[in-house]
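Presented below is the structure to which this report refers.
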Amino acid sequence: MKTLIVNASPRPKGNTAALIEALKEALNGEVIELSAFRSDIAPCIDCRACWTTARCIVRDEMDVIYGDDFDNVVVASPVYFCTLPGKMLSLMSRMQPWHVATFFLKKPLVLKKKKAAVILTAGGKGNASGANHHLRAFFRMLNAEGWAEHTVVSPSTDTIPAWEDEQAMAGVREMALWLNGDESQGA
Ligand SMILES: Cc1cc2nc3c(=O)[nH]c(=O)nc-3n(C[C@H](O)[C@H](O)[C@H](O)COP(=O)(O)O)c2cc1C
């Protein structure tokens, strides 16, 4: 089993990182962590090469996602302005070949079915409505399901850091059980 964790926080010892660590401790199999901030993933520049090939011509760490060789995908992110940080949106923009294949070329990419889960941390001054909107599109493109039932939020990190948020810490451990394939943890 291979799990891809996309980390959208710029803070190596922050709230999101603490929940990722707890998740990793409970996960079986191989874990690949991709940092939206520390990787060199470029944004889509609408060069339109994918309009003929359904492939992106830019080679960078986005190849981890394009390779489609993972069973689970987890997005772990702080909430910024009620949505995801810009670097994460930038990474998501590189899913444009999927859009092109599906809607322009009418030859949808055949991607492995995956489990999806989400970890969000928020200071407490806003909601995550925008984040959910983008996550829905991202997971649809990746053929990944289950995130609506498997989202863990640490909602008040300004006052309770995620590592002291017992509900969130327990939530990621449960998430790991589901990702590990323990069917008693629900669909
Ligand atoms: C630019 C920026 C925008 C933010 N916007 C929100 C927001 O809209 N709602 C909210 O609840 N918290 C917001 N926060 C607070 C972060 O979501 C919160 O501190 C988070 O736990 C940071 O996670 P990290 O320590 O893993 O990076 C914002 C923080 C920053 C730096």
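Labeling convention for the structure tokens: chains A, B, ... as they appear, residues from 1 per chain, ligands from 1 in order of appearance.
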
Checklist line | Those of chain A in DSSP strand (DSSP E), formatted as an MDAnalysis selection string | finding: chainID A and resid 2:7 30:35 72:78 114:121 144:145 151:154

Note to self: Taking 4 positions as the minimum chain separation for residues in the same chain, which residues sit within 8 Å of stretch 55-60 of chain A when counting only C-alpha atoms? Answer as a PyMOL selection string.
What the structure shows: chain A and resi 40-42+49-50+94+97

Check: Can you list, as a PyMOL selection string, every protein, DNA or RNA residue that comes within 8 Å of A:Leu142 when you count only C-alpha atoms, leaving out same-chain residues fewer than 6 positions away?
Finding: chain A and resi 111+113-114

Using N, CA and C atoms, can you write the selected residues to a file as a PDB file, in the first residue's frame?
ATOM      1  N   LEU A 111      -7.535   6.470 -14.495  1.00  0.00           N
ATOM      2  CA  LEU A 111      -6.691   6.539 -13.301  1.00  0.00           C
ATOM      3  C   LEU A 111      -7.145   5.501 -12.281  1.00  0.00           C
ATOM      4  N   LYS A 113      -8.290   3.776  -8.979  1.00  0.00           N
ATOM      5  CA  LYS A 113      -9.215   4.223  -7.929  1.00  0.00           C
ATOM      6  C   LYS A 113      -8.466   4.316  -6.590  1.00  0.00           C
ATOM      7  N   LYS A 114      -8.688   5.411  -5.882  1.00  0.00           N
ATOM      8  CA  LYS A 114      -7.940   5.636  -4.640  1.00  0.00           C
ATOM      9  C   LYS A 114      -8.866   6.055  -3.504  1.00  0.00           C
TER      10      LYS A 114
END

Checklist line | For atom 20 (C, counted along the ligand's line) of ligand 1 and atom CA of A:Thr157, the interatomic separation in Å (one decimal) | finding: 6.0 Å

Check: When distances are computed from only C-alpha atoms, which of A:Ala18, A:Asn72, A:Leu27, A:Leu89 shows the smallest separation from A:Lys2?
Finding: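 Result for the nearest residue to A:Lys2: A:Asn72.
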
Item checked: Test item: residues lying within 6 Å of ligand 1 with only C-alpha atoms and all ligand atoms, as a list of chain:residue names ->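 Going residue by residue within 6 Å of ligand 1, we get A:Ser9, A:Pro10, A:Arg11, A:Gly14, A:Asn15, A:Thr16, A:Ala17, A:Pro78, A:Val79, A:Tyr80, A:Phe81, A:Cys82, A:Thr121, A:Ala122, A:Gly123, A:Gly124, A:Lys125, A:Gly126, A:Asn127, A:Thr157.
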
Write the residues you've just listed into a file as a tab-separated table (two decimals), in the first residue's frame, and include all heavy atoms for each of them.
chain	number	residue	atom	x	y	z
A	9	SER	N	1.33	23.10	4.03
A	9	SER	CA	1.76	24.11	5.01
A	9	SER	C	3.22	24.51	4.79
A	9	SER	O	4.06	23.66	4.55
A	9	SER	CB	1.62	23.56	6.43
A	9	SER	OG	2.31	24.40	7.34
A	10	PRO	N	3.53	25.80	4.94
A	10	PRO	CA	4.93	26.21	4.84
A	10	PRO	C	5.71	25.95	6.13
A	10	PRO	O	6.93	26.10	6.16
A	10	PRO	CB	4.82	27.72	4.57
A	10	PRO	CG	3.53	28.13	5.21
A	10	PRO	CD	2.61	26.93	5.12
A	11	ARG	N	5.03	25.58	7.22
A	11	ARG	CA	5.67	25.50	8.54
A	11	ARG	C	6.07	24.06	8.87
A	11	ARG	O	5.21	23.22	9.14
A	11	ARG	CB	4.73	26.06	9.60
A	11	ARG	CG	4.33	27.52	9.32
A	11	ARG	CD	3.39	28.07	10.39
A	11	ARG	NE	4.07	28.21	11.65
A	11	ARG	CZ	3.60	27.77	12.82
A	11	ARG	NH1	2.43	27.16	12.88
A	11	ARG	NH2	4.28	27.95	13.92
A	14	GLY	N	4.72	23.07	12.28
A	14	GLY	CA	3.43	23.70	12.55
A	14	GLY	C	2.34	22.68	12.89
A	14	GLY	O	2.62	21.51	13.18
A	15	ASN	N	1.14	23.19	12.83
A	15	ASN	CA	-0.03	22.40	13.21
A	15	ASN	C	-0.30	21.26	12.23
A	15	ASN	O	-0.54	20.11	12.63
A	15	ASN	CB	-1.24	23.33	13.30
A	15	ASN	CG	-1.07	24.35	14.39
A	15	ASN	OD1	-1.22	24.03	15.56
A	15	ASN	ND2	-0.73	25.58	14.03
A	16	THR	N	-0.23	21.59	10.96
A	16	THR	CA	-0.49	20.57	9.93
A	16	THR	C	0.57	19.48	10.04
A	16	THR	O	0.26	18.28	9.96
A	16	THR	CB	-0.45	21.24	8.54
A	16	THR	OG1	-1.32	22.39	8.58
A	16	THR	CG2	-0.92	20.31	7.45
A	17	ALA	N	1.83	19.90	10.23
A	17	ALA	CA	2.94	18.94	10.33
A	17	ALA	C	2.71	17.99	11.50
A	17	ALA	O	3.00	16.79	11.40
A	17	ALA	CB	4.26	19.69	10.49
A	78	PRO	N	-3.21	24.01	5.96
A	78	PRO	CA	-3.84	25.07	6.73
A	78	PRO	C	-4.90	25.76	5.87
A	78	PRO	O	-4.83	25.70	4.63
A	78	PRO	CB	-2.69	26.05	7.03
A	78	PRO	CG	-1.65	25.77	6.01
A	78	PRO	CD	-1.85	24.38	5.50
A	79	VAL	N	-5.87	26.38	6.53
A	79	VAL	CA	-6.86	27.19	5.80
A	79	VAL	C	-6.30	28.60	5.71
A	79	VAL	O	-5.89	29.19	6.72
A	79	VAL	CB	-8.21	27.20	6.56
A	79	VAL	CG1	-9.20	28.16	5.91
A	79	VAL	CG2	-8.78	25.78	6.62
A	80	TYR	N	-6.23	29.12	4.50
A	80	TYR	CA	-5.82	30.51	4.26
A	80	TYR	C	-6.98	31.24	3.57
A	80	TYR	O	-7.42	30.81	2.50
A	80	TYR	CB	-4.60	30.57	3.33
A	80	TYR	CG	-3.24	30.30	3.96
A	80	TYR	CD1	-3.10	29.86	5.26
A	80	TYR	CD2	-2.08	30.50	3.22
A	80	TYR	CE1	-1.85	29.62	5.81
A	80	TYR	CE2	-0.83	30.27	3.76
A	80	TYR	CZ	-0.71	29.83	5.06
A	80	TYR	OH	0.54	29.59	5.60
A	81	PHE	N	-7.44	32.29	4.15
A	81	PHE	CA	-8.53	33.07	3.57
A	81	PHE	C	-9.69	32.17	3.12
A	81	PHE	O	-10.17	32.26	1.99
A	81	PHE	CB	-8.02	33.95	2.41
A	81	PHE	CG	-7.00	34.96	2.85
A	81	PHE	CD1	-5.66	34.78	2.59
A	81	PHE	CD2	-7.38	36.08	3.60
A	81	PHE	CE1	-4.71	35.69	3.03
A	81	PHE	CE2	-6.44	36.99	4.04
A	81	PHE	CZ	-5.10	36.80	3.76
A	82	CYS	N	-10.08	31.28	4.03
A	82	CYS	CA	-11.21	30.35	3.82
A	82	CYS	C	-10.97	29.34	2.70
A	82	CYS	O	-11.89	28.65	2.27
A	82	CYS	CB	-12.52	31.09	3.57
A	82	CYS	SG	-12.92	32.25	4.87
A	121	THR	N	-6.17	22.52	9.15
A	121	THR	CA	-5.98	23.25	10.39
A	121	THR	C	-6.34	24.70	10.13
A	121	THR	O	-6.10	25.23	9.05
A	121	THR	CB	-4.52	23.16	10.91
A	121	THR	OG1	-3.66	23.87	10.04
A	121	THR	CG2	-4.06	21.72	11.02
A	122	ALA	N	-6.96	25.33	11.13
A	122	ALA	CA	-7.41	26.71	10.95
A	122	ALA	C	-7.26	27.46	12.26
A	122	ALA	O	-7.49	26.89	13.34
A	122	ALA	CB	-8.87	26.72	10.50
A	123	GLY	N	-6.90	28.72	12.15
A	123	GLY	CA	-6.71	29.54	13.35
A	123	GLY	C	-8.01	29.78	14.09
A	123	GLY	O	-8.03	29.97	15.30
A	124	GLY	N	-9.10	29.79	13.34
A	124	GLY	CA	-10.40	29.96	13.97
A	124	GLY	C	-11.16	31.19	13.54
A	124	GLY	O	-12.24	31.46	14.05
A	125	LYS	N	-10.60	31.94	12.56
A	125	LYS	CA	-11.27	33.18	12.15
A	125	LYS	C	-12.07	33.04	10.86
A	125	LYS	O	-12.61	34.01	10.34
A	125	LYS	CB	-10.24	34.29	11.98
A	125	LYS	CG	-9.52	34.62	13.27
A	125	LYS	CD	-8.48	35.71	13.07
A	125	LYS	CE	-7.56	35.81	14.26
A	125	LYS	NZ	-6.67	34.66	14.42
A	126	GLY	N	-12.11	31.86	10.33
A	126	GLY	CA	-12.84	31.72	9.07
A	126	GLY	C	-13.24	30.28	8.86
A	126	GLY	O	-12.89	29.41	9.64
A	127	ASN	N	-13.97	30.02	7.81
A	127	ASN	CA	-14.37	28.63	7.56
A	127	ASN	C	-13.62	28.09	6.35
A	127	ASN	O	-12.84	28.80	5.71
A	127	ASN	CB	-15.89	28.53	7.40
A	127	ASN	CG	-16.36	29.27	6.18
A	127	ASN	OD1	-15.77	29.14	5.11
A	127	ASN	ND2	-17.42	30.04	6.31
A	157	THR	N	-6.46	26.61	16.06
A	157	THR	CA	-5.04	26.46	16.39
A	157	THR	C	-4.43	27.71	17.01
A	157	THR	O	-3.37	27.64	17.63
A	157	THR	CB	-4.22	26.04	15.15
A	157	THR	OG1	-4.40	27.05	14.14
A	157	THR	CG2	-4.66	24.70	14.60

Next item on the list: To one decimal in Å, tell me the separation between atom CA of A:Glu61 and atom CA of A:Leu19.
Entry: 23.0 Å

Item checked: From A:Ala26, A:Val110, A:Ala170, A:Ala8, residue lying nearest A:Trp98 [only C-alpha atoms] ->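 The closest residue to A:Trp98 is A:Val110.
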